[in-house]
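First up is the structure itself, then whatever we jot down about it.
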Amino acid sequence: MNGRAIGAGLLTTAALVALGALPAAAVESLPTAPTPDQAASAPQTLDTLSRFFARDGALARSAAAPRVEGGSVPVRILSPDFVAGKAGAPVARVEFRASLAVAADGRKASLWTVKQPDGWQVVNIATGDDEIRYAEQGGRVLPGGLVFREPQIDAWYVQKGAKVLPLDEDAVRAVGKNGTSLTAYRERVAEAYGDKLPGSAYAKKGTAGGYAPQADAPLPHEESAVTVASTAAGAGAVLALALIGTTAIRRRRAARES
């Protein structure tokens with residue numbers, strides 16, 4: 001949906017445009033709101049969604065009639081503290097909240113919202129409903145569990161207590177169809193990413209935000225869009241809304257399934 005800015009440095013809007021992650025014409029700021037749901041359903045957000053769904057000519061902007069369905073869900077990403085073996089660190093941490101947007105023709109998109117000093121703000125729109133769908137699936141597979149994503153391999157899991165279960169094919173390839181223990185999972189990610197954490201020589205090279213396997217480093221579209229969401233939440237940066245349509249990982253998944 002990939003290196004979702006775990007351990008990445010702050011990228012400004014100008015830097016994103018320079019990287020080719022955001023076309024200059026596709027960058028804008030949306031107003032903040034008291035809650036994620038209000039930010040997602042604000043008139044300016046809906047207007048932007050109309051342009052988003054009409055961008056490929058599939059339907060006219062005036063006919064998009066986007067709507068936001070249900071409430072937002074927290075999106076958790078594998079934590080570098082967990083990878084590093086920090087005592088008491090949860091397996092994942094909340095990076096942003098996601099809301100489901102649906103167009104008149106049934107196409108779906110995920111709105112990514114982060115907390116700013118003056119309220120919540122939509123910072124990205126991504127094609128599809130991965131974040132919401134896997135949150136719902138995880139609740140069915142392991143009620144009360146914590147749903148999270150290992151972005152480097154685009155794998156989704158649900159964890160509860162000592163159990164980690166896969167929610168998609170990428171996770172099955174990583175831990176098997178029956179899942180694994182939390183301890184065994186920690187050992188796996190420590191081996192895979194332990195030398196790529198913030199402060200490592202790998203991170204200092206600026207490669208993939210310092211947190212992705214060399215064999216599968218994320219493309220600029222993937223990391224940069226999330227860097228905006230993740231780092232802005234902690235740094236109070238000016239946020240950019242990326243009308244990217246889909247991340248490279250999602251394109252990769254679609255190619256696999258076609």
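Just so we're on the same page: first chain in the structure tokens is A, next is B, and so on; residues restart at 1 for each chain, and ligands are numbered from 1 in the order they show up.
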With 12 Å as the cut-off and only C-alpha atoms counted, what is the closest atom pair between each nearby residue of stretch 87-131 of chain A and stretch 135-155 of chain A? Distances in Å to one decimal, ordered by chain and number, as JSON lines.
```
{"residue": "A:Pro90", "atom": "CA", "partner": "A:Leu146", "partner_atom": "CA", "distance": 9.7}
{"residue": "A:Val91", "atom": "CA", "partner": "A:Phe148", "partner_atom": "CA", "distance": 8.2}
{"residue": "A:Ala92", "atom": "CA", "partner": "A:Phe148", "partner_atom": "CA", "distance": 6.3}
{"residue": "A:Arg93", "atom": "CA", "partner": "A:Phe148", "partner_atom": "CA", "distance": 8.2}
{"residue": "A:Val94", "atom": "CA", "partner": "A:Phe148", "partner_atom": "CA", "distance": 8.7}
{"residue": "A:Glu95", "atom": "CA", "partner": "A:Phe148", "partner_atom": "CA", "distance": 10.3}
{"residue": "A:Phe96", "atom": "CA", "partner": "A:Phe148", "partner_atom": "CA", "distance": 11.8}
{"residue": "A:Arg97", "atom": "CA", "partner": "A:Ala135", "partner_atom": "CA", "distance": 11.2}
{"residue": "A:Ala98", "atom": "CA", "partner": "A:Ala135", "partner_atom": "CA", "distance": 10.1}
{"residue": "A:Ser99", "atom": "CA", "partner": "A:Ala135", "partner_atom": "CA", "distance": 11.3}
{"residue": "A:Leu100", "atom": "CA", "partner": "A:Ala135", "partner_atom": "CA", "distance": 11.7}
{"residue": "A:Asp129", "atom": "CA", "partner": "A:Ala135", "partner_atom": "CA", "distance": 10.1}
{"residue": "A:Asp130", "atom": "CA", "partner": "A:Ala135", "partner_atom": "CA", "distance": 8.4}
{"residue": "A:Glu131", "atom": "CA", "partner": "A:Ala135", "partner_atom": "CA", "distance": 6.3}
```
### Gap from atom CA of A:Ala63 to atom CA of A:Trp120 - Å, one decimal
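One can read the atom CA of A:Ala63 to atom CA of A:Trp120 distance as 27.6 Å.
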### Query
So what do you get for atom CA of A:Arg61 versus atom CA of A:Val114, distance-wise?
26.3 Å
### Message
According to DSSP computed on the backbone, where in stretch 65-214 of chain A is there strand (DSSP E)? Give the residues as a PyMOL selection string.
### Response
chain A and resi 67-78+92-102+108-116+119-127+146-150+155-160+163-166+180-181
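Taking only C-alpha atoms, the non-local environment of stretch 39-56 of chain A within 7 Å (same-chain residues fewer than 6 positions away omitted) comprises Leu30, Thr32, Ala33, Ala64, Ala65, Pro66, Val68, Ser99, Ala103, Leu111, Trp120, Gln121, Val122 and Leu243 of chain A.
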### Query
Residues of stretch 22-217 of chain A in alpha helix (DSSP H) according to DSSP, as a count of residues only?
57
Wanna dump the stretch 75-163 of chain A-stretch 174-180 of chain A contacts at 10 Å for me, each residue with its shortest atom pair and the distance in Å to one decimal, counting only C-alpha atoms, ordered by chain and number, as a tab-separated table?
```
residue	atom	partner	partner_atom	distance
A:Ile153	CA	A:Ala174	CA	8.7
A:Ala155	CA	A:Ala174	CA	8.1
A:Tyr157	CA	A:Gly179	CA	8.9
A:Val158	CA	A:Gly179	CA	9.5
A:Gln159	CA	A:Gly179	CA	9.7
A:Ala162	CA	A:Thr180	CA	8.5
A:Lys163	CA	A:Thr180	CA	6.2
```
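Across the structure, atom CA of A:Arg188 and atom CA of A:Trp156 are spaced 15.0 Å apart.
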